[in-house]
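Below is the file final30.txt, which contains compact mmCIF, C-alpha atoms and all ligand atoms.
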```
# COMPACT_ATOMS: atom_id res chain seq x y z
CA MET A 1367 0.00 0.00 0.00
CA SER A 1368 1.24 3.50 -0.83
CA GLY A 1369 2.71 5.59 2.02
CA SER A 1370 0.56 8.54 1.02
CA VAL A 1371 -2.82 9.11 -0.56
CA ARG A 1372 -4.01 12.16 -2.48
CA VAL A 1373 -7.48 13.05 -1.25
CA VAL A 1374 -9.74 14.76 -3.82
CA GLU A 1375 -12.43 16.75 -2.04
CA VAL A 1376 -15.65 16.73 -4.07
CA GLY A 1377 -18.02 18.29 -1.50
CA PRO A 1378 -18.54 21.65 -3.21
CA ARG A 1379 -19.54 19.87 -6.46
CA ASP A 1380 -20.83 16.34 -5.82
CA GLY A 1381 -22.06 17.40 -2.37
CA LEU A 1382 -23.93 20.56 -3.22
CA GLN A 1383 -25.30 19.45 -6.62
CA ASN A 1384 -27.71 17.11 -4.88
CA GLU A 1385 -29.11 19.43 -2.21
CA LYS A 1386 -32.68 20.71 -2.36
CA ILE A 1387 -31.48 24.26 -1.73
CA SER A 1388 -28.92 26.21 -3.73
CA LEU A 1389 -26.48 27.87 -1.35
CA PRO A 1390 -25.37 31.46 -2.00
CA VAL A 1391 -22.03 32.05 -3.73
CA GLU A 1392 -20.53 33.59 -0.56
CA VAL A 1393 -21.24 30.41 1.42
CA LYS A 1394 -19.74 28.18 -1.29
CA VAL A 1395 -16.61 30.32 -1.48
CA GLU A 1396 -16.20 30.34 2.31
CA PHE A 1397 -16.74 26.54 2.33
CA ILE A 1398 -14.00 26.06 -0.26
CA ARG A 1399 -11.71 28.47 1.63
CA ARG A 1400 -12.15 26.34 4.78
CA LEU A 1401 -11.43 23.14 2.85
CA ALA A 1402 -8.22 24.69 1.53
CA ALA A 1403 -7.33 25.74 5.11
CA ALA A 1404 -7.71 22.06 6.07
CA LYS A 1405 -4.92 21.43 3.55
CA LEU A 1406 -7.12 19.70 0.99
CA ARG A 1407 -5.06 20.31 -2.15
CA THR A 1408 -7.60 19.30 -4.81
CA ILE A 1409 -11.09 20.71 -4.32
CA GLU A 1410 -13.72 20.18 -7.02
CA ALA A 1411 -15.39 23.55 -7.08
CA GLY A 1412 -18.49 23.05 -9.26
CA SER A 1413 -19.69 22.17 -12.74
CA PHE A 1414 -20.53 23.83 -16.05
CA VAL A 1415 -23.66 21.87 -16.93
CA SER A 1416 -27.18 22.86 -17.94
CA PRO A 1417 -28.61 25.17 -15.23
CA LYS A 1418 -32.04 23.69 -16.01
CA ARG A 1419 -30.76 20.23 -15.11
CA VAL A 1420 -28.60 21.13 -12.10
CA PRO A 1421 -29.56 24.62 -10.86
CA GLN A 1422 -27.43 24.19 -7.72
CA MET A 1423 -24.27 24.58 -9.85
CA ALA A 1424 -25.47 27.51 -11.98
CA ASP A 1425 -23.14 29.98 -10.23
CA THR A 1426 -19.90 28.02 -10.68
CA ALA A 1427 -18.34 30.76 -12.85
CA GLU A 1428 -18.87 33.26 -10.05
CA VAL A 1429 -17.49 30.83 -7.45
CA LEU A 1430 -14.30 30.35 -9.51
CA ARG A 1431 -13.86 34.09 -10.02
CA ARG A 1432 -14.06 34.74 -6.29
CA LEU A 1433 -11.62 32.03 -5.23
CA GLN A 1434 -8.21 33.28 -4.20
CA ALA A 1435 -5.57 31.96 -6.58
CA ASP A 1436 -3.30 29.63 -4.63
CA ALA A 1437 -0.56 27.76 -6.44
CA ALA A 1438 -0.83 24.92 -3.91
CA VAL A 1439 -4.55 24.21 -4.49
CA ARG A 1440 -6.28 22.88 -7.60
CA TYR A 1441 -9.95 23.70 -8.20
CA PRO A 1442 -11.18 21.38 -10.98
CA VAL A 1443 -14.70 21.70 -12.40
CA LEU A 1444 -16.90 19.26 -14.35
CA VAL A 1445 -17.58 19.94 -18.03
CA PRO A 1446 -19.87 17.75 -20.19
CA ASN A 1447 -19.25 19.31 -23.62
CA THR A 1448 -17.58 22.12 -25.58
CA LYS A 1449 -19.97 24.76 -24.25
CA GLY A 1450 -19.13 23.79 -20.67
CA MET A 1451 -15.43 23.85 -21.50
CA GLU A 1452 -15.61 27.29 -23.09
CA ASP A 1453 -17.53 28.64 -20.09
CA ALA A 1454 -15.04 27.04 -17.69
CA LEU A 1455 -12.09 28.56 -19.54
CA ALA A 1456 -13.76 31.98 -19.58
CA ALA A 1457 -14.18 31.72 -15.80
CA GLY A 1458 -10.48 30.91 -15.37
CA ALA A 1459 -10.68 27.17 -14.64
CA GLY A 1460 -7.22 25.63 -14.37
CA GLU A 1461 -8.34 21.99 -14.44
CA VAL A 1462 -11.48 20.21 -15.63
CA ALA A 1463 -13.09 16.77 -15.51
CA VAL A 1464 -15.23 15.02 -18.10
CA PHE A 1465 -17.71 12.40 -16.94
CA ALA A 1466 -18.66 9.23 -18.78
CA SER A 1467 -20.46 6.11 -17.65
CA ALA A 1468 -20.00 2.37 -17.97
CA SER A 1469 -23.81 2.05 -18.20
CA GLU A 1470 -25.63 3.08 -21.40
CA THR A 1471 -28.85 3.91 -19.57
CA PHE A 1472 -27.17 6.03 -16.93
CA SER A 1473 -25.24 7.87 -19.65
CA ARG A 1474 -28.51 8.79 -21.37
CA LYS A 1475 -30.23 9.80 -18.15
CA ASN A 1476 -27.31 11.85 -16.88
CA ILE A 1477 -25.92 13.57 -19.96
CA GLY A 1478 -28.51 12.84 -22.64
CA CYS A 1479 -26.38 10.70 -24.96
CA SER A 1480 -24.89 7.23 -25.42
CA ILE A 1481 -21.45 6.28 -24.13
CA ALA A 1482 -20.01 6.43 -27.67
CA GLU A 1483 -21.57 9.86 -28.26
CA SER A 1484 -20.18 11.11 -24.95
CA ILE A 1485 -16.66 10.13 -26.02
CA GLU A 1486 -17.16 12.12 -29.24
CA ARG A 1487 -18.43 15.11 -27.20
CA PHE A 1488 -15.34 14.94 -25.00
CA ARG A 1489 -12.90 14.88 -27.93
CA PRO A 1490 -13.05 18.65 -28.66
CA VAL A 1491 -13.01 19.33 -24.88
CA LEU A 1492 -9.71 17.46 -24.60
CA GLU A 1493 -8.37 19.27 -27.68
CA LEU A 1494 -9.18 22.66 -26.17
CA ALA A 1495 -7.58 21.55 -22.91
CA LYS A 1496 -4.43 20.37 -24.67
CA ALA A 1497 -4.10 23.69 -26.50
CA ARG A 1498 -4.27 25.51 -23.14
CA SER A 1499 -2.18 22.96 -21.18
CA ILE A 1500 -5.11 22.21 -18.89
CA ALA A 1501 -5.26 18.86 -17.13
CA VAL A 1502 -8.40 16.77 -17.66
CA ARG A 1503 -9.61 14.07 -15.31
CA GLY A 1504 -12.10 11.43 -16.46
CA TYR A 1505 -14.89 9.95 -14.37
CA VAL A 1506 -16.51 6.62 -15.15
CA SER A 1507 -19.86 6.19 -13.37
CA CYS A 1508 -21.66 3.00 -12.37
CA VAL A 1509 -18.51 0.86 -12.23
CA LEU A 1510 -19.94 -1.37 -9.47
CA GLY A 1511 -23.59 -1.25 -10.55
CA CYS A 1512 -26.22 0.90 -12.20
CA PRO A 1513 -29.54 2.12 -10.79
CA TYR A 1514 -31.21 1.28 -14.13
CA GLU A 1515 -29.29 -1.75 -15.47
CA GLY A 1516 -28.04 -3.49 -12.33
CA GLN A 1517 -24.76 -5.33 -12.88
CA ILE A 1518 -22.16 -3.75 -15.13
CA ALA A 1519 -19.41 -5.84 -16.74
CA ALA A 1520 -15.85 -4.99 -15.73
CA ALA A 1521 -14.99 -5.14 -19.43
CA ALA A 1522 -17.35 -2.19 -20.06
CA VAL A 1523 -15.61 -0.20 -17.33
CA GLY A 1524 -12.21 -1.03 -18.82
CA SER A 1525 -13.30 -0.05 -22.31
CA VAL A 1526 -14.62 3.41 -21.33
CA SER A 1527 -11.59 4.02 -19.11
CA ARG A 1528 -9.20 3.20 -21.94
CA GLN A 1529 -11.06 5.49 -24.36
CA LEU A 1530 -10.83 8.37 -21.88
CA VAL A 1531 -7.11 7.79 -21.44
CA GLU A 1532 -6.67 7.69 -25.23
CA LEU A 1533 -8.43 11.06 -25.43
CA GLY A 1534 -5.85 12.47 -23.00
CA CYS A 1535 -7.29 12.19 -19.47
CA TYR A 1536 -4.49 12.04 -16.91
CA GLU A 1537 -6.49 10.05 -14.34
CA ILE A 1538 -9.65 7.93 -14.27
CA ALA A 1539 -11.94 8.12 -11.24
CA LEU A 1540 -13.77 4.79 -11.01
CA SER A 1541 -17.09 5.75 -9.49
CA ASP A 1542 -19.57 3.70 -7.49
CA THR A 1543 -22.36 6.18 -8.18
CA ILE A 1544 -24.99 4.50 -6.02
CA GLY A 1545 -22.75 2.91 -3.36
CA ILE A 1546 -23.73 -0.63 -4.30
CA GLY A 1547 -20.37 -2.43 -4.49
CA THR A 1548 -18.58 -4.63 -1.97
CA PRO A 1549 -14.81 -5.04 -1.46
CA ARG A 1550 -13.99 -8.13 -3.52
CA GLN A 1551 -15.94 -6.73 -6.46
CA ALA A 1552 -14.24 -3.33 -6.12
CA ARG A 1553 -10.84 -5.02 -6.10
CA ASP A 1554 -11.71 -7.14 -9.16
CA VAL A 1555 -12.86 -4.12 -11.16
CA VAL A 1556 -9.73 -2.17 -10.22
CA ARG A 1557 -7.57 -5.12 -11.30
CA ALA A 1558 -9.42 -5.44 -14.60
CA VAL A 1559 -9.11 -1.74 -15.40
CA ALA A 1560 -5.49 -1.60 -14.21
CA ASP A 1561 -4.74 -4.35 -16.74
CA GLU A 1562 -6.00 -1.95 -19.44
CA ILE A 1563 -4.50 1.39 -18.36
CA GLY A 1564 -2.19 0.78 -15.39
CA ILE A 1565 -2.89 1.14 -11.69
CA GLY A 1566 -1.13 4.52 -11.55
CA MET A 1567 -3.94 6.05 -13.65
CA LEU A 1568 -6.70 5.13 -11.22
CA ALA A 1569 -8.59 7.02 -8.53
CA VAL A 1570 -11.67 5.74 -6.70
CA HIS A 1571 -14.86 7.74 -6.11
CA PHE A 1572 -17.16 5.78 -3.87
CA HIS A 1573 -20.57 6.80 -2.58
CA ASP A 1574 -21.43 5.34 0.81
CA THR A 1575 -25.11 4.54 0.37
CA ARG A 1576 -24.80 1.09 1.95
CA GLY A 1577 -21.90 1.76 4.32
CA GLN A 1578 -19.38 -0.09 2.13
CA ALA A 1579 -17.23 2.79 0.92
CA LEU A 1580 -14.33 2.61 3.41
CA ALA A 1581 -14.07 -1.17 3.05
CA ASN A 1582 -14.12 -0.83 -0.74
CA ILE A 1583 -11.48 1.92 -0.63
CA LEU A 1584 -9.22 -0.21 1.55
CA ALA A 1585 -9.50 -3.11 -0.90
CA CYS A 1586 -8.49 -0.77 -3.75
CA LEU A 1587 -5.61 0.78 -1.78
CA GLU A 1588 -4.27 -2.74 -1.30
CA GLU A 1589 -4.23 -3.02 -5.10
CA GLY A 1590 -2.09 0.13 -5.32
CA VAL A 1591 -4.66 2.91 -5.85
CA ALA A 1592 -3.30 6.12 -4.30
CA VAL A 1593 -5.98 8.74 -5.12
CA VAL A 1594 -9.33 8.77 -3.32
CA ASP A 1595 -12.33 11.10 -3.67
CA SER A 1596 -14.40 12.09 -0.65
CA ALA A 1597 -16.66 14.86 0.63
CA VAL A 1598 -16.64 16.42 4.09
CA ALA A 1599 -19.71 15.63 6.19
CA GLY A 1600 -20.45 12.80 3.75
CA LEU A 1601 -22.21 15.15 1.35
CA GLY A 1602 -23.08 13.99 -2.12
CA GLY A 1603 -25.24 12.24 -4.64
CA CYS A 1604 -26.28 12.52 -8.24
CA PRO A 1605 -29.68 13.94 -9.24
CA TYR A 1606 -29.84 11.40 -12.10
CA ALA A 1607 -29.00 8.33 -9.99
CA PRO A 1608 -32.04 7.38 -7.91
CA GLY A 1609 -30.95 6.09 -4.51
CA ALA A 1610 -27.51 7.69 -4.63
CA SER A 1611 -26.52 9.24 -1.34
CA GLY A 1612 -23.38 10.82 0.03
CA ASN A 1613 -19.75 10.22 -0.83
CA VAL A 1614 -17.48 8.61 1.72
CA SER A 1615 -16.78 11.37 4.21
CA THR A 1616 -13.39 13.05 4.08
CA GLU A 1617 -13.13 13.00 7.87
CA ASP A 1618 -13.71 9.22 8.08
CA LEU A 1619 -11.31 8.58 5.19
CA VAL A 1620 -8.54 10.71 6.69
CA PHE A 1621 -9.04 9.15 10.14
CA MET A 1622 -8.70 5.66 8.66
CA LEU A 1623 -5.67 6.47 6.52
CA GLU A 1624 -3.74 8.41 9.15
CA GLY A 1625 -4.53 5.66 11.67
CA MET A 1626 -2.91 3.18 9.27
CA GLY A 1627 0.17 5.37 8.88
CA VAL A 1628 -0.80 6.49 5.37
CA SER A 1629 -0.27 10.24 5.12
CA THR A 1630 -2.82 12.54 3.48
CA GLY A 1631 -1.53 15.98 4.46
CA VAL A 1632 -5.09 16.85 5.55
CA ASN A 1633 -5.71 18.58 8.88
CA LEU A 1634 -8.51 16.44 10.32
CA GLY A 1635 -9.68 19.01 12.89
CA LEU A 1636 -10.06 21.70 10.23
CA ALA A 1637 -11.78 19.26 7.86
CA VAL A 1638 -14.30 18.54 10.64
CA GLU A 1639 -14.78 22.31 11.06
CA ALA A 1640 -15.40 22.74 7.31
CA GLY A 1641 -17.93 19.91 7.46
CA ARG A 1642 -19.71 21.51 10.41
CA PHE A 1643 -19.79 24.87 8.63
CA ILE A 1644 -21.49 23.49 5.52
CA SER A 1645 -23.83 21.20 7.50
CA ALA A 1646 -25.03 24.21 9.52
CA HIS A 1647 -25.82 26.04 6.25
CA LEU A 1648 -27.72 22.99 5.03
CA GLY A 1649 -29.65 22.84 8.30
CA ARG A 1650 -28.56 19.40 9.48
CA GLY A 1651 -25.83 17.52 11.30
CA SER A 1652 -22.67 16.12 9.71
CA GLY A 1653 -22.96 12.71 8.06
CA SER A 1654 -19.38 11.86 9.10
CA LYS A 1655 -19.09 9.36 11.94
CA VAL A 1656 -15.68 10.74 12.93
CA ALA A 1657 -17.07 14.30 13.04
CA GLN A 1658 -20.01 13.11 15.18
CA ALA A 1659 -17.64 11.33 17.57
CA MET A 1660 -15.40 14.39 17.87
CA VAL A 1661 -18.42 16.51 18.86
CA SER A 1662 -19.50 13.98 21.51
CA HIS A 1663 -16.13 12.79 22.80
CA GLY A 1664 -13.48 15.24 21.60
CA ASP A 1665 -10.39 13.82 19.93
CA PRO A 1666 -8.99 11.03 22.12
CA ARG A 1667 -6.01 10.68 19.76
CA GLN A 1668 -4.56 13.72 21.56
CA ALA A 1669 -4.18 11.53 24.66
CA MET A 1670 -2.72 8.53 22.81
P1 LIG B 1701 -29.01 17.89 -23.07
O1 LIG B 1701 -30.20 18.34 -22.30
O2 LIG B 1701 -28.82 16.44 -23.21
O3 LIG B 1701 -29.14 18.48 -24.52
O4 LIG B 1701 -27.72 18.53 -22.44
P2 LIG B 1701 -28.56 19.74 -25.21
O5 LIG B 1701 -27.12 19.53 -25.45
O6 LIG B 1701 -29.45 19.94 -26.38
O7 LIG B 1701 -28.77 20.99 -24.22
C1 LIG B 1701 -30.00 21.39 -23.68
C2 LIG B 1701 -29.89 22.75 -23.06
O8 LIG B 1701 -28.75 22.81 -22.20
C3 LIG B 1701 -29.70 23.88 -24.09
O9 LIG B 1701 -30.31 25.03 -23.52
C4 LIG B 1701 -28.20 24.07 -24.08
O10 LIG B 1701 -27.80 25.36 -24.47
C5 LIG B 1701 -27.88 23.87 -22.63
P3 LIG B 1701 -31.82 25.49 -23.92
O11 LIG B 1701 -31.80 25.66 -25.40
O12 LIG B 1701 -32.72 24.34 -23.48
O13 LIG B 1701 -32.02 26.74 -23.15
N1 LIG B 1701 -26.50 23.42 -22.39
C6 LIG B 1701 -25.72 23.93 -21.45
N2 LIG B 1701 -25.92 24.91 -20.55
C7 LIG B 1701 -24.89 25.18 -19.70
N3 LIG B 1701 -23.72 24.52 -19.71
C8 LIG B 1701 -23.49 23.54 -20.62
C9 LIG B 1701 -24.53 23.22 -21.53
N4 LIG B 1701 -24.64 22.31 -22.51
C10 LIG B 1701 -25.85 22.43 -23.04
N5 LIG B 1701 -22.34 22.88 -20.61
C11 LIG B 1701 -26.01 18.21 -20.83
C12 LIG B 1701 -26.53 17.86 -22.22
C13 LIG B 1701 -24.84 17.31 -20.54
C14 LIG B 1701 -25.57 19.66 -20.83
C15 LIG B 1701 -27.15 17.98 -19.81
O14 LIG B 1701 -27.65 16.70 -19.96
C16 LIG B 1701 -26.72 18.23 -18.38
O15 LIG B 1701 -26.37 19.33 -17.99
N6 LIG B 1701 -26.78 17.18 -17.52
C17 LIG B 1701 -26.44 17.27 -16.11
C18 LIG B 1701 -25.34 16.33 -15.82
C19 LIG B 1701 -24.85 16.47 -14.39
O16 LIG B 1701 -24.39 17.54 -14.00
N7 LIG B 1701 -24.93 15.38 -13.59
C20 LIG B 1701 -24.36 15.38 -12.27
C21 LIG B 1701 -22.85 15.33 -12.31
S1 LIG B 1701 -22.20 13.74 -12.76
C22 LIG B 1701 -22.09 12.88 -11.24
O17 LIG B 1701 -22.54 13.36 -10.24
C23 LIG B 1701 -21.36 11.58 -11.21
C24 LIG B 1701 -19.94 11.70 -10.60
O18 LIG B 1701 -19.98 12.26 -9.29
C25 LIG B 1701 -19.30 10.32 -10.55
C26 LIG B 1701 -20.22 9.28 -9.87
O19 LIG B 1701 -20.46 9.39 -8.65
O20 LIG B 1701 -20.68 8.40 -10.60
C27 LIG B 1701 -19.04 12.60 -11.47
MG MG B 1702 -20.32 11.14 -7.46
```
Rewrite the coordinates I just gave you, this time as structure tokens.
Amino acid sequence: MSGSVRVVEVGPRDGLQNEKISLPVEVKVEFIRRLAAAKLRTIEAGSFVSPKRVPQMADTAEVLRRLQADAAVRYPVLVPNTKGMEDALAAGAGEVAVFASASETFSRKNIGCSIAESIERFRPVLELAKARSIAVRGYVSCVLGCPYEGQIAAAAVGSVSRQLVELGCYEIALSDTIGIGTPRQARDVVRAVADEIGIGMLAVHFHDTRGQALANILACLEEGVAVVDSAVAGLGGCPYAPGASGNVSTEDLVFMLEGMGVSTGVNLGLAVEAGRFISAHLGRGSGSKVAQAMVSHGDPRQAM
């Protein structure tokens, strides 16, 4: 297992895209500032998608404009097509992510086109990015199951991942969109995709709908994965994936990794604070077990 893991914080995007209320720009910017203060070095800041489909992300350009430039922090944004890419560039985005699916039905529900069409839509996005030296990450949804199709073949996941790498994505985030997978399955899919594109290209993005995310992450870390997505307070979900709930929480992930001697660089106390801040604005408690325990019992690690 790697001695360090890069944590990709997706709370401001995956977390807030699925909330009933749209938070004001000032709150989003303060949330992201607090995440950066917790030493999260990659913070997905929003998305350039149809405001009719995901109104919660409609102000992403304004969020990006208000963020303080910081050479140490990356603020990627999601883009589904050339329009999204042009808008992201105009707003000063320094990194973007395209998002495909291993399930045909989810692809159509989420982005209105087939998997093959999505790859063709991403091609000019990657060309624009290359011309501007902008890094592009690729997501593959439904790698451990689909809310519409059920089981998804590992070969389908490998095929989409390889096509995204061929387009120029520097990393593929294998995503359990609805938190349906279990550890042996997660490990097998990672192995199958690593055979296609190499383990060093892989990140995992696991929703925690059924409480399996940490176990699945651990299984993938044992395979050599060293990049993990998470969201403080366990925020998250996808409006086009019925039954999807929050991502694995950043606080729980960091607690597990640091406890195993795997360094993340993240300040757990400040990550808990950032989670509390955003949960208060959403009018509910944190979904992170570690954050809940620290409220009730403090941080006993100080005494260890
Ligand atoms: P479409 O509806 O399929 O068709 O859009 P369209 O291309 O004809 O566009 C329809 C309207 O959207 C038009 O406006 C376009 O101008 C506009 P109208 O004429 O109706 O006024 N439009 C745009 N507006 C703003 N930004 C754009 C853009 N493109 C077109 N970039 C589209 C296709 C992909 C845009 C649409 O289906 C969409 O926005 N879908 C939302 C997808 C989304 O954000 N899903 C959640 C994020 S993915 C996720 O959460 C999974 C992930 O976390 C990994 C995991 O957990 O699995 C990443
Ligand atoms: Mg997600």
Hey, can you check how far atom CA of A:Arg1576 sits from atom CA of A:Ala1610? 9.7 Å
Taking only C-alpha atoms and all ligand atoms into account, name the residue in A:Ala1466, A:Val1591, A:Cys1604, A:Ile1398 that is nearest to ligand LIG 1701 (chain B). A:Cys1604
Enumerate residues in contact with ligand LIG 1701 (chain B): an atom-to-atom distance of at most 7 Å, counting all atoms listed in the file. Format the result as a ChimeraX atom specification. /A:1380,1413-1417,1419-1420,1445-1450,1465,1476-1479,1505-1508,1541-1543,1571-1573,1603-1606
Let's have the selection written as a compact mmCIF listing (two decimals), keeping the file's coordinate frame, with C-alpha atoms.
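Below you can see again07.txt, which holds the result:
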```txt
# COMPACT_ATOMS: atom_id res chain seq x y z
CA ASP A 1380 -20.83 16.34 -5.82
CA SER A 1413 -19.69 22.17 -12.74
CA PHE A 1414 -20.53 23.83 -16.05
CA VAL A 1415 -23.66 21.87 -16.93
CA SER A 1416 -27.18 22.86 -17.94
CA PRO A 1417 -28.61 25.17 -15.23
CA ARG A 1419 -30.76 20.23 -15.11
CA VAL A 1420 -28.60 21.13 -12.10
CA VAL A 1445 -17.58 19.94 -18.03
CA PRO A 1446 -19.87 17.75 -20.19
CA ASN A 1447 -19.25 19.31 -23.62
CA THR A 1448 -17.58 22.12 -25.58
CA LYS A 1449 -19.97 24.76 -24.25
CA GLY A 1450 -19.13 23.79 -20.67
CA PHE A 1465 -17.71 12.40 -16.94
CA ASN A 1476 -27.31 11.85 -16.88
CA ILE A 1477 -25.92 13.57 -19.96
CA GLY A 1478 -28.51 12.84 -22.64
CA CYS A 1479 -26.38 10.70 -24.96
CA TYR A 1505 -14.89 9.95 -14.37
CA VAL A 1506 -16.51 6.62 -15.15
CA SER A 1507 -19.86 6.19 -13.37
CA CYS A 1508 -21.66 3.00 -12.37
CA SER A 1541 -17.09 5.75 -9.49
CA ASP A 1542 -19.57 3.70 -7.49
CA THR A 1543 -22.36 6.18 -8.18
CA HIS A 1571 -14.86 7.74 -6.11
CA PHE A 1572 -17.16 5.78 -3.87
CA HIS A 1573 -20.57 6.80 -2.58
CA GLY A 1603 -25.24 12.24 -4.64
CA CYS A 1604 -26.28 12.52 -8.24
CA PRO A 1605 -29.68 13.94 -9.24
CA TYR A 1606 -29.84 11.40 -12.10
```
For the point (-29.4, -0.1, -18.1) in the file's frame, write as a PyMOL selection string all residues with an atom no more than 12 Å away, counting all atoms listed in the file. chain A and resi 1467-1475+1480-1481+1508+1511-1519+1607
Could you save those same residues with C-alpha atoms as an mmCIF file, keeping the file's coordinate frame?
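The file below, out.cif, is the result:
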```cif
data_model
loop_
_atom_site.group_PDB
_atom_site.id
_atom_site.type_symbol
_atom_site.label_atom_id
_atom_site.label_comp_id
_atom_site.auth_asym_id
_atom_site.auth_seq_id
_atom_site.Cartn_x
_atom_site.Cartn_y
_atom_site.Cartn_z
ATOM 1 C CA SER A 1467 -20.460 6.110 -17.650
ATOM 2 C CA ALA A 1468 -20.000 2.370 -17.970
ATOM 3 C CA SER A 1469 -23.810 2.050 -18.200
ATOM 4 C CA GLU A 1470 -25.630 3.080 -21.400
ATOM 5 C CA THR A 1471 -28.850 3.910 -19.570
ATOM 6 C CA PHE A 1472 -27.170 6.030 -16.930
ATOM 7 C CA SER A 1473 -25.240 7.870 -19.650
ATOM 8 C CA ARG A 1474 -28.510 8.790 -21.370
ATOM 9 C CA LYS A 1475 -30.230 9.800 -18.150
ATOM 10 C CA SER A 1480 -24.890 7.230 -25.420
ATOM 11 C CA ILE A 1481 -21.450 6.280 -24.130
ATOM 12 C CA CYS A 1508 -21.660 3.000 -12.370
ATOM 13 C CA GLY A 1511 -23.590 -1.250 -10.550
ATOM 14 C CA CYS A 1512 -26.220 0.900 -12.200
ATOM 15 C CA PRO A 1513 -29.540 2.120 -10.790
ATOM 16 C CA TYR A 1514 -31.210 1.280 -14.130
ATOM 17 C CA GLU A 1515 -29.290 -1.750 -15.470
ATOM 18 C CA GLY A 1516 -28.040 -3.490 -12.330
ATOM 19 C CA GLN A 1517 -24.760 -5.330 -12.880
ATOM 20 C CA ILE A 1518 -22.160 -3.750 -15.130
ATOM 21 C CA ALA A 1519 -19.410 -5.840 -16.740
ATOM 22 C CA ALA A 1607 -29.000 8.330 -9.990
#
```
Looking at all atoms listed in the file, which of A:Ala1497, A:Val1439, A:Ala1457, A:Leu1444 is the one that sits closest to ligand MG 1702 (chain B)? A:Leu1444
When you look at A:Met1451 with a cut-off of 12 Å (counting all atoms listed in the file), what residues show up, excluding the ones that are within fewer than 5 positions of it in the same chain? I need them as a ChimeraX atom specification. /A:1413-1415,1427,1442-1446,1456-1464,1487-1496,1498,1500,1502
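Ranking A:Ala1404, A:Ile1565, A:Ala1597, A:Ala1454 by their shortest atom-to-atom distance to A:Ala1424, with all atoms listed in the file included, puts A:Ala1454 first.
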Using only C-alpha atoms, which protein or nucleic acid residues come within 10 Å of A:Glu1537? Drop anything in the same chain fewer than 4 positions from it, and give the result as a VMD selection string. chain A and resid 1463 1501 to 1505 1527 1530 to 1531 1563 1565 to 1569 1593
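With distances restricted to all atoms listed in the file, A:Gly1612 is the closest residue to ligand MG 1702 (chain B) from A:Gly1612, A:Gly1627, A:Pro1378, A:Gly1651.
Proximity ranking of A:Leu1636, A:Ile1644, A:Val1594, A:Ala1552 relative to ligand MG 1702 (chain B) places A:Val1594 first, based on all atoms listed in the file.
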Spatial neighbours of A:Leu1584, max dist 12 Å, only C-alpha atoms, sep filter under 3 positions, as a ChimeraX atom specification: /A:1367-1368,1371,1548-1550,1552-1553,1556,1570,1572,1578-1581,1587-1594,1619,1622-1623,1626,1628
Which residues are near A:Val1395? Cut-off 8 Å, only C-alpha atoms, ignore same chain within fewer than 5 positions. Put them as a VMD selection string. chain A and resid 1429 1432 to 1433
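Minimum distance to ligand MG 1702 (chain B) across A:Val1614, A:Ile1409, A:Ala1637, A:Leu1533 (counting only C-alpha atoms and all ligand atoms) occurs at A:Val1614.
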Find the residues around A:Leu1406 up to 9 Å (only C-alpha atoms counted), leave out those fewer than 3 positions away in its own chain, and share them as a list in words. Arg1372, Val1373, Val1374, Glu1375, Leu1401, Ala1402, Ala1403, Ile1409, Val1439, Thr1630, Gly1631, Val1632, Asn1633 and Ala1637 of chain A
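When atom CA of A:Gly1577 is paired with atom CA of A:Asp1554, their separation reads 19.1 Å.
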